[in-house]
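Source file: final_36.txt (compact mmCIF, N, CA and C atoms)
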# COMPACT_ATOMS: atom_id res chain seq x y z
N MET A 341 0.84 -1.18 0.00
CA MET A 341 0.00 0.00 0.00
C MET A 341 0.88 1.24 0.00
N LYS A 342 0.51 2.21 -0.77
CA LYS A 342 1.23 3.48 -0.82
C LYS A 342 0.38 4.54 -0.14
N LEU A 343 1.00 5.27 0.77
CA LEU A 343 0.31 6.35 1.46
C LEU A 343 0.68 7.68 0.80
N PRO A 344 -0.27 8.58 0.69
CA PRO A 344 0.09 9.91 0.19
C PRO A 344 1.00 10.61 1.20
N SER A 345 1.91 11.44 0.72
CA SER A 345 2.83 12.11 1.63
C SER A 345 2.09 13.00 2.63
N GLU A 346 0.96 13.56 2.22
CA GLU A 346 0.12 14.33 3.14
C GLU A 346 -1.02 13.42 3.56
N SER A 347 -0.97 12.95 4.81
CA SER A 347 -1.97 12.02 5.32
C SER A 347 -2.56 12.56 6.61
N VAL A 348 -3.31 11.71 7.31
CA VAL A 348 -3.98 12.12 8.54
C VAL A 348 -3.66 11.11 9.64
N LEU A 349 -3.44 11.62 10.84
CA LEU A 349 -3.24 10.79 12.03
C LEU A 349 -4.52 10.83 12.84
N LEU A 350 -5.12 9.67 13.01
CA LEU A 350 -6.30 9.50 13.86
C LEU A 350 -5.79 9.00 15.20
N ARG A 351 -6.11 9.72 16.26
CA ARG A 351 -5.64 9.34 17.60
C ARG A 351 -6.87 9.16 18.48
N ILE A 352 -6.96 7.99 19.13
CA ILE A 352 -8.12 7.62 19.92
C ILE A 352 -7.66 7.38 21.36
N PHE A 353 -8.23 8.11 22.29
CA PHE A 353 -7.90 7.98 23.72
C PHE A 353 -9.05 7.26 24.41
N ILE A 354 -8.76 6.10 24.98
CA ILE A 354 -9.78 5.30 25.67
C ILE A 354 -9.16 4.69 26.93
N GLY A 355 -9.97 3.97 27.68
CA GLY A 355 -9.48 3.25 28.85
C GLY A 355 -9.25 1.78 28.53
N GLU A 356 -8.33 1.19 29.25
CA GLU A 356 -7.97 -0.21 29.02
C GLU A 356 -9.14 -1.17 29.26
N THR A 357 -10.06 -0.81 30.13
CA THR A 357 -11.17 -1.71 30.43
C THR A 357 -12.41 -1.44 29.58
N ASP A 358 -12.36 -0.47 28.68
CA ASP A 358 -13.50 -0.18 27.83
C ASP A 358 -13.79 -1.38 26.93
N LYS A 359 -15.08 -1.62 26.71
CA LYS A 359 -15.51 -2.80 25.95
C LYS A 359 -16.37 -2.40 24.76
N PHE A 360 -16.40 -3.30 23.77
CA PHE A 360 -17.33 -3.21 22.64
C PHE A 360 -17.78 -4.62 22.33
N ASP A 361 -19.05 -4.85 22.40
CA ASP A 361 -19.62 -6.19 22.18
C ASP A 361 -18.93 -7.25 23.04
N GLY A 362 -18.63 -6.90 24.30
CA GLY A 362 -18.04 -7.84 25.24
C GLY A 362 -16.55 -8.07 25.09
N ARG A 363 -15.92 -7.40 24.13
CA ARG A 363 -14.47 -7.56 23.89
C ARG A 363 -13.76 -6.26 24.24
N PRO A 364 -12.46 -6.32 24.51
CA PRO A 364 -11.72 -5.09 24.75
C PRO A 364 -11.87 -4.14 23.55
N LEU A 365 -12.23 -2.89 23.82
CA LEU A 365 -12.47 -1.91 22.77
C LEU A 365 -11.25 -1.70 21.90
N TYR A 366 -10.07 -1.65 22.52
CA TYR A 366 -8.86 -1.40 21.72
C TYR A 366 -8.63 -2.50 20.69
N LYS A 367 -8.91 -3.75 21.08
CA LYS A 367 -8.77 -4.86 20.12
C LYS A 367 -9.81 -4.75 19.01
N ALA A 368 -11.04 -4.41 19.38
CA ALA A 368 -12.11 -4.28 18.39
C ALA A 368 -11.78 -3.17 17.38
N ILE A 369 -11.22 -2.07 17.85
CA ILE A 369 -10.87 -0.96 16.95
C ILE A 369 -9.76 -1.37 16.00
N VAL A 370 -8.72 -2.01 16.51
CA VAL A 370 -7.61 -2.43 15.66
C VAL A 370 -8.08 -3.45 14.63
N GLU A 371 -8.90 -4.40 15.06
CA GLU A 371 -9.42 -5.40 14.12
C GLU A 371 -10.29 -4.75 13.05
N LYS A 372 -11.12 -3.79 13.45
CA LYS A 372 -11.98 -3.08 12.49
C LYS A 372 -11.12 -2.27 11.51
N ALA A 373 -10.06 -1.65 12.01
CA ALA A 373 -9.16 -0.88 11.14
C ALA A 373 -8.50 -1.80 10.12
N ARG A 374 -8.09 -2.97 10.57
CA ARG A 374 -7.45 -3.93 9.66
C ARG A 374 -8.42 -4.42 8.59
N LYS A 375 -9.63 -4.77 9.01
CA LYS A 375 -10.65 -5.21 8.06
C LYS A 375 -11.04 -4.11 7.08
N SER A 376 -10.91 -2.86 7.53
CA SER A 376 -11.25 -1.72 6.68
C SER A 376 -10.13 -1.36 5.71
N GLY A 377 -9.00 -2.08 5.81
CA GLY A 377 -7.89 -1.84 4.89
C GLY A 377 -7.01 -0.65 5.26
N MET A 378 -7.06 -0.24 6.52
CA MET A 378 -6.22 0.88 6.95
C MET A 378 -4.75 0.49 6.85
N ALA A 379 -3.89 1.49 6.73
CA ALA A 379 -2.46 1.24 6.55
C ALA A 379 -1.82 0.60 7.77
N GLY A 380 -2.35 0.85 8.96
CA GLY A 380 -1.79 0.27 10.18
C GLY A 380 -2.38 0.92 11.40
N ALA A 381 -2.20 0.29 12.55
CA ALA A 381 -2.69 0.82 13.82
C ALA A 381 -1.73 0.40 14.92
N THR A 382 -1.57 1.26 15.90
CA THR A 382 -0.72 0.98 17.04
C THR A 382 -1.46 1.35 18.32
N VAL A 383 -1.40 0.47 19.32
CA VAL A 383 -1.98 0.75 20.63
C VAL A 383 -0.84 1.04 21.59
N ILE A 384 -0.95 2.17 22.28
CA ILE A 384 0.07 2.60 23.24
C ILE A 384 -0.58 2.65 24.62
N ARG A 385 0.05 1.99 25.58
CA ARG A 385 -0.48 1.94 26.95
C ARG A 385 0.18 3.03 27.78
N GLY A 386 -0.64 3.86 28.39
CA GLY A 386 -0.12 4.94 29.22
C GLY A 386 0.12 4.48 30.65
N ILE A 387 0.99 5.20 31.35
CA ILE A 387 1.26 4.87 32.75
C ILE A 387 0.56 5.84 33.70
N LEU A 388 0.05 6.94 33.16
CA LEU A 388 -0.63 7.93 33.99
C LEU A 388 -1.49 8.80 33.09
N GLY A 389 -2.69 9.13 33.55
CA GLY A 389 -3.54 10.03 32.79
C GLY A 389 -4.88 10.25 33.46
N PHE A 390 -5.63 11.21 32.92
CA PHE A 390 -7.00 11.42 33.34
C PHE A 390 -7.77 11.96 32.15
N GLY A 391 -9.08 11.79 32.21
CA GLY A 391 -9.93 12.21 31.11
C GLY A 391 -10.99 13.19 31.58
N ALA A 392 -12.12 13.18 30.90
CA ALA A 392 -13.18 14.15 31.15
C ALA A 392 -13.71 14.09 32.58
N ASN A 393 -13.66 12.91 33.21
CA ASN A 393 -14.17 12.80 34.59
C ASN A 393 -13.11 13.16 35.63
N SER A 394 -11.90 13.49 35.20
CA SER A 394 -10.78 13.91 36.06
C SER A 394 -10.30 12.85 37.03
N ARG A 395 -10.69 11.60 36.84
CA ARG A 395 -10.19 10.51 37.69
C ARG A 395 -8.81 10.10 37.21
N ILE A 396 -7.84 10.05 38.11
CA ILE A 396 -6.47 9.68 37.77
C ILE A 396 -6.40 8.17 37.53
N HIS A 397 -5.75 7.79 36.45
CA HIS A 397 -5.46 6.39 36.12
C HIS A 397 -3.95 6.26 36.13
N THR A 398 -3.43 5.38 36.96
CA THR A 398 -1.98 5.25 37.08
C THR A 398 -1.58 3.81 37.31
N SER A 399 -0.37 3.48 36.90
CA SER A 399 0.16 2.14 37.14
C SER A 399 0.79 2.05 38.53
N GLN A 400 0.85 3.16 39.25
CA GLN A 400 1.51 3.16 40.56
C GLN A 400 0.60 2.74 41.70
N ILE A 401 -0.70 2.88 41.54
CA ILE A 401 -1.64 2.50 42.58
C ILE A 401 -2.36 1.25 42.10
N LEU A 402 -2.19 0.16 42.82
CA LEU A 402 -2.67 -1.14 42.37
C LEU A 402 -4.14 -1.13 41.97
N ARG A 403 -5.00 -0.53 42.78
CA ARG A 403 -6.43 -0.60 42.47
C ARG A 403 -6.80 0.19 41.23
N LEU A 404 -6.02 1.18 40.84
CA LEU A 404 -6.31 1.98 39.65
C LEU A 404 -5.60 1.46 38.42
N SER A 405 -4.64 0.55 38.62
CA SER A 405 -3.84 0.10 37.49
C SER A 405 -4.59 -0.83 36.56
N GLU A 406 -5.84 -1.15 36.89
CA GLU A 406 -6.62 -2.03 36.04
C GLU A 406 -7.25 -1.29 34.86
N ASP A 407 -7.26 0.03 34.89
CA ASP A 407 -7.88 0.81 33.82
C ASP A 407 -6.94 1.91 33.36
N LEU A 408 -5.81 1.50 32.83
CA LEU A 408 -4.82 2.48 32.36
C LEU A 408 -5.28 3.13 31.06
N PRO A 409 -4.79 4.35 30.80
CA PRO A 409 -5.15 4.99 29.54
C PRO A 409 -4.47 4.31 28.35
N LEU A 410 -5.21 4.24 27.24
CA LEU A 410 -4.68 3.70 25.99
C LEU A 410 -4.84 4.75 24.90
N VAL A 411 -3.89 4.77 23.98
CA VAL A 411 -3.98 5.61 22.80
C VAL A 411 -3.82 4.70 21.59
N ILE A 412 -4.75 4.80 20.67
CA ILE A 412 -4.66 4.04 19.41
C ILE A 412 -4.37 5.06 18.32
N GLU A 413 -3.31 4.82 17.56
CA GLU A 413 -2.95 5.71 16.48
C GLU A 413 -3.08 4.99 15.15
N ILE A 414 -3.73 5.66 14.22
CA ILE A 414 -3.92 5.13 12.86
C ILE A 414 -3.56 6.24 11.89
N VAL A 415 -2.67 5.96 10.95
CA VAL A 415 -2.30 6.92 9.93
C VAL A 415 -2.74 6.38 8.58
N ASP A 416 -3.44 7.20 7.83
CA ASP A 416 -3.87 6.81 6.48
C ASP A 416 -4.27 8.08 5.74
N SER A 417 -4.76 7.91 4.52
CA SER A 417 -5.20 9.07 3.75
C SER A 417 -6.43 9.68 4.42
N GLU A 418 -6.64 10.95 4.18
CA GLU A 418 -7.79 11.63 4.78
C GLU A 418 -9.10 10.98 4.35
N GLU A 419 -9.18 10.56 3.11
CA GLU A 419 -10.39 9.93 2.60
C GLU A 419 -10.70 8.62 3.34
N ARG A 420 -9.67 7.79 3.53
CA ARG A 420 -9.88 6.49 4.20
C ARG A 420 -10.23 6.70 5.68
N ILE A 421 -9.60 7.66 6.32
CA ILE A 421 -9.92 7.96 7.73
C ILE A 421 -11.36 8.45 7.83
N ASN A 422 -11.79 9.31 6.92
CA ASN A 422 -13.16 9.83 6.96
C ASN A 422 -14.20 8.74 6.78
N VAL A 423 -13.89 7.72 5.99
CA VAL A 423 -14.80 6.58 5.83
C VAL A 423 -14.85 5.76 7.11
N PHE A 424 -13.73 5.67 7.83
CA PHE A 424 -13.62 4.87 9.05
C PHE A 424 -14.30 5.55 10.25
N LEU A 425 -14.36 6.88 10.28
CA LEU A 425 -14.87 7.60 11.45
C LEU A 425 -16.29 7.21 11.87
N PRO A 426 -17.26 7.06 10.96
CA PRO A 426 -18.59 6.64 11.41
C PRO A 426 -18.60 5.27 12.08
N GLU A 427 -17.78 4.35 11.60
CA GLU A 427 -17.67 3.03 12.23
C GLU A 427 -17.10 3.16 13.64
N LEU A 428 -16.09 3.99 13.77
CA LEU A 428 -15.45 4.24 15.07
C LEU A 428 -16.45 4.85 16.04
N ASP A 429 -17.25 5.79 15.55
CA ASP A 429 -18.23 6.47 16.40
C ASP A 429 -19.23 5.47 17.01
N LYS A 430 -19.56 4.43 16.29
CA LYS A 430 -20.48 3.40 16.79
C LYS A 430 -19.85 2.58 17.92
N MET A 431 -18.53 2.54 17.96
CA MET A 431 -17.82 1.67 18.90
C MET A 431 -17.47 2.36 20.22
N ILE A 432 -17.27 3.66 20.19
CA ILE A 432 -16.74 4.37 21.36
C ILE A 432 -17.87 4.99 22.17
N GLY A 433 -17.98 4.56 23.44
CA GLY A 433 -18.96 5.14 24.35
C GLY A 433 -18.44 6.39 25.02
N GLU A 434 -17.19 6.34 25.43
CA GLU A 434 -16.55 7.51 26.02
C GLU A 434 -15.08 7.50 25.64
N GLY A 435 -14.51 8.67 25.55
CA GLY A 435 -13.12 8.80 25.15
C GLY A 435 -12.92 10.08 24.37
N LEU A 436 -11.81 10.18 23.69
CA LEU A 436 -11.46 11.36 22.91
C LEU A 436 -10.89 10.89 21.59
N VAL A 437 -11.31 11.52 20.51
CA VAL A 437 -10.81 11.20 19.18
C VAL A 437 -10.31 12.48 18.55
N THR A 438 -9.08 12.46 18.04
CA THR A 438 -8.51 13.64 17.40
C THR A 438 -7.98 13.28 16.01
N LEU A 439 -7.86 14.30 15.19
CA LEU A 439 -7.28 14.17 13.85
C LEU A 439 -6.25 15.27 13.68
N GLU A 440 -5.16 14.93 13.02
CA GLU A 440 -4.19 15.95 12.64
C GLU A 440 -3.51 15.56 11.35
N LYS A 441 -3.14 16.55 10.60
CA LYS A 441 -2.44 16.30 9.35
C LYS A 441 -1.01 15.91 9.66
N VAL A 442 -0.50 14.94 8.93
CA VAL A 442 0.89 14.49 9.09
C VAL A 442 1.53 14.37 7.72
N ARG A 443 2.84 14.45 7.70
CA ARG A 443 3.60 14.25 6.47
C ARG A 443 4.32 12.92 6.58
N ILE A 444 4.05 12.01 5.66
CA ILE A 444 4.67 10.69 5.65
C ILE A 444 6.08 10.82 5.08
N ILE A 445 7.05 10.36 5.82
CA ILE A 445 8.43 10.35 5.36
C ILE A 445 8.76 8.97 4.78
N THR A 446 8.44 7.91 5.53
CA THR A 446 8.71 6.55 5.09
C THR A 446 7.58 5.64 5.55
N TYR A 447 7.15 4.75 4.67
CA TYR A 447 6.19 3.71 5.01
C TYR A 447 6.58 2.49 4.19
N ARG A 448 7.24 1.54 4.85
CA ARG A 448 7.75 0.35 4.16
C ARG A 448 7.28 -0.91 4.86
N HIS A 449 7.28 -2.00 4.11
CA HIS A 449 6.98 -3.30 4.70
C HIS A 449 7.94 -4.32 4.10
N ASN A 450 8.07 -5.44 4.82
CA ASN A 450 8.92 -6.51 4.28
C ASN A 450 8.03 -7.53 3.59
N ASN A 451 8.60 -8.55 3.05
CA ASN A 451 7.84 -9.56 2.30
C ASN A 451 7.42 -10.76 3.15
N LYS A 452 7.67 -10.72 4.46
CA LYS A 452 7.26 -11.82 5.32
C LYS A 452 5.75 -11.81 5.47
N ASN A 453 5.19 -12.95 5.84
CA ASN A 453 3.74 -13.04 6.04
C ASN A 453 3.30 -12.13 7.17
N ALA A 454 2.13 -11.53 7.00
CA ALA A 454 1.56 -10.67 8.04
C ALA A 454 1.05 -11.51 9.20
N TYR A 455 1.07 -10.95 10.39
CA TYR A 455 0.53 -11.58 11.59
C TYR A 455 -0.96 -11.79 11.37
N SER A 456 -1.45 -12.98 11.66
CA SER A 456 -2.89 -13.21 11.45
C SER A 456 -3.63 -13.38 12.74

As structure tokens:
Amino acid sequence: MKLPSESVLLRIFIGETDKFDGRPLYKAIVEKARKSGMAGATVIRGILGFGANSRIHTSQILRLSEDLPLVIEIVDSEERINVFLPELDKMIGEGLVTLEKVRIITYRHNNKNAYS
């Protein structure tokens, strides 16, 4: 897949315990992105954060470490991201979704089989 040099970064902020159809939301989003033909997705686990409810989520306090903040990043063309957004909206009950323009410098893959 070739990405245009001017693309869009979709960033999704959710909690680790958020669910969609009984499954972890972050997994459901990544799987949906893959099925939608997106260029790629990465899930990043935070060690500290808070959201709209101002409740601190941290890995330092055992009882709060069960719901750490997650960020899912997806980079693709603006057109493909715009097609994906309504699907994403159906999946997210609470969280934050942002978009920003990015310039692609390198996007390469090897010839090994993809993880299935």

So how many Å separate atom CA of A:Asp416 and atom CA of A:Val348, to one decimal?
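Computing it gives 5.7 Å between the two atoms.
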
Step by step, gather every atom of stretch 357-374 of chain A that the file lists, find the box along x, y and z that holds them, add 5 Å on each side, and finally give centre and edge lengths in Å to one decimal, as AutoDock Vina command-line options.
--center_x -13.5 --center_y -4.1 --center_z 19.5 --size_x 22.2 --size_y 17.9 --size_z 31.8

Go ahead and compute the interatomic distance for atom CA of A:Phe390 and atom CA of A:Arg443, in Å to one decimal.
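Going from atom CA of A:Phe390 over to atom CA of A:Arg443, I get 29.0 Å.
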
Would you mind listing what lies within 8 Å of stretch 424-432 of chain A as a PyMOL selection string, with only N, CA and C atoms counted and same-chain residues fewer than 2 positions away left out?
chain A and resi 359-361+365+368-369+372-373+376+418-422+434-436

Writing out the chosen residues with N, CA and C atoms as an mmCIF file, in the coordinates of the input:
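The resulting out02.cif:
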data_model
loop_
_atom_site.group_PDB
_atom_site.id
_atom_site.type_symbol
_atom_site.label_atom_id
_atom_site.label_comp_id
_atom_site.auth_asym_id
_atom_site.auth_seq_id
_atom_site.Cartn_x
_atom_site.Cartn_y
_atom_site.Cartn_z
ATOM 1 N N LYS A 359 -15.080 -1.620 26.710
ATOM 2 C CA LYS A 359 -15.510 -2.800 25.950
ATOM 3 C C LYS A 359 -16.370 -2.400 24.760
ATOM 4 N N PHE A 360 -16.400 -3.300 23.770
ATOM 5 C CA PHE A 360 -17.330 -3.210 22.640
ATOM 6 C C PHE A 360 -17.780 -4.620 22.330
ATOM 7 N N ASP A 361 -19.050 -4.850 22.400
ATOM 8 C CA ASP A 361 -19.620 -6.190 22.180
ATOM 9 C C ASP A 361 -18.930 -7.250 23.040
ATOM 10 N N LEU A 365 -12.230 -2.890 23.820
ATOM 11 C CA LEU A 365 -12.470 -1.910 22.770
ATOM 12 C C LEU A 365 -11.250 -1.700 21.900
ATOM 13 N N ALA A 368 -11.040 -4.410 19.380
ATOM 14 C CA ALA A 368 -12.110 -4.280 18.390
ATOM 15 C C ALA A 368 -11.780 -3.170 17.380
ATOM 16 N N ILE A 369 -11.220 -2.070 17.850
ATOM 17 C CA ILE A 369 -10.870 -0.960 16.950
ATOM 18 C C ILE A 369 -9.760 -1.370 16.000
ATOM 19 N N LYS A 372 -11.120 -3.790 13.450
ATOM 20 C CA LYS A 372 -11.980 -3.080 12.490
ATOM 21 C C LYS A 372 -11.120 -2.270 11.510
ATOM 22 N N ALA A 373 -10.060 -1.650 12.010
ATOM 23 C CA ALA A 373 -9.160 -0.880 11.140
ATOM 24 C C ALA A 373 -8.500 -1.800 10.120
ATOM 25 N N SER A 376 -10.910 -2.860 7.530
ATOM 26 C CA SER A 376 -11.250 -1.720 6.680
ATOM 27 C C SER A 376 -10.130 -1.360 5.710
ATOM 28 N N GLU A 418 -6.640 10.950 4.180
ATOM 29 C CA GLU A 418 -7.790 11.630 4.780
ATOM 30 C C GLU A 418 -9.100 10.980 4.350
ATOM 31 N N GLU A 419 -9.180 10.560 3.110
ATOM 32 C CA GLU A 419 -10.390 9.930 2.600
ATOM 33 C C GLU A 419 -10.700 8.620 3.340
ATOM 34 N N ARG A 420 -9.670 7.790 3.530
ATOM 35 C CA ARG A 420 -9.880 6.490 4.200
ATOM 36 C C ARG A 420 -10.230 6.700 5.680
ATOM 37 N N ILE A 421 -9.600 7.660 6.320
ATOM 38 C CA ILE A 421 -9.920 7.960 7.730
ATOM 39 C C ILE A 421 -11.360 8.450 7.830
ATOM 40 N N ASN A 422 -11.790 9.310 6.920
ATOM 41 C CA ASN A 422 -13.160 9.830 6.960
ATOM 42 C C ASN A 422 -14.200 8.740 6.780
ATOM 43 N N GLU A 434 -17.190 6.340 25.430
ATOM 44 C CA GLU A 434 -16.550 7.510 26.020
ATOM 45 C C GLU A 434 -15.080 7.500 25.640
ATOM 46 N N GLY A 435 -14.510 8.670 25.550
ATOM 47 C CA GLY A 435 -13.120 8.800 25.150
ATOM 48 C C GLY A 435 -12.920 10.080 24.370
ATOM 49 N N LEU A 436 -11.810 10.180 23.690
ATOM 50 C CA LEU A 436 -11.460 11.360 22.910
ATOM 51 C C LEU A 436 -10.890 10.890 21.590
#

Kindly give the distance, in Å, that separates atom CA of A:Tyr447 and atom CA of A:Glu413, rounded to a single decimal.
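Answer for the atom CA of A:Tyr447 to atom CA of A:Glu413 separation: 14.8 Å.
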
Selection near A:Ser345, 9 Å with only C-alpha atoms, sequence-local residues under 6 positions removed, as a count of residues only:
6

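Each of A:Glu356, A:Lys342, A:Pro364, A:Leu350 was compared to A:Thr382 using only C-alpha atoms, and A:Leu350 turns out to be the nearest.
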
Between A:Ile387, A:Leu349, A:Val411, A:Ala379, single out the one closest to A:Lys367, counting only C-alpha atoms.
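That would be A:Val411, the residue with the smallest distance to A:Lys367.
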
Which is closest to A:Met341 among A:Pro409, A:Gly377, A:Gly433, A:Gly389, if we use only C-alpha atoms?
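For A:Met341, the nearest of the given residues is A:Gly377.
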
Of the residues A:Val415, A:Ala392, A:Ala381, A:Leu410, which is the one nearest to A:Phe353, using all atoms listed in the file?
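Smallest separation from A:Phe353 among the options: A:Leu410.
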
Can you tell me, as an MDAnalysis selection string, which residues in chain A count as helix (DSSP H, G or I) by DSSP?
chainID A and resid 365:375 402:404 418:431

For A:Glu440, which residue out of A:Val383, A:Glu371, A:Asn393, A:Ile414 is the nearest one, using only C-alpha atoms?
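Going through A:Val383, A:Glu371, A:Asn393, A:Ile414 one by one, the smallest distance to A:Glu440 is for A:Ile414.
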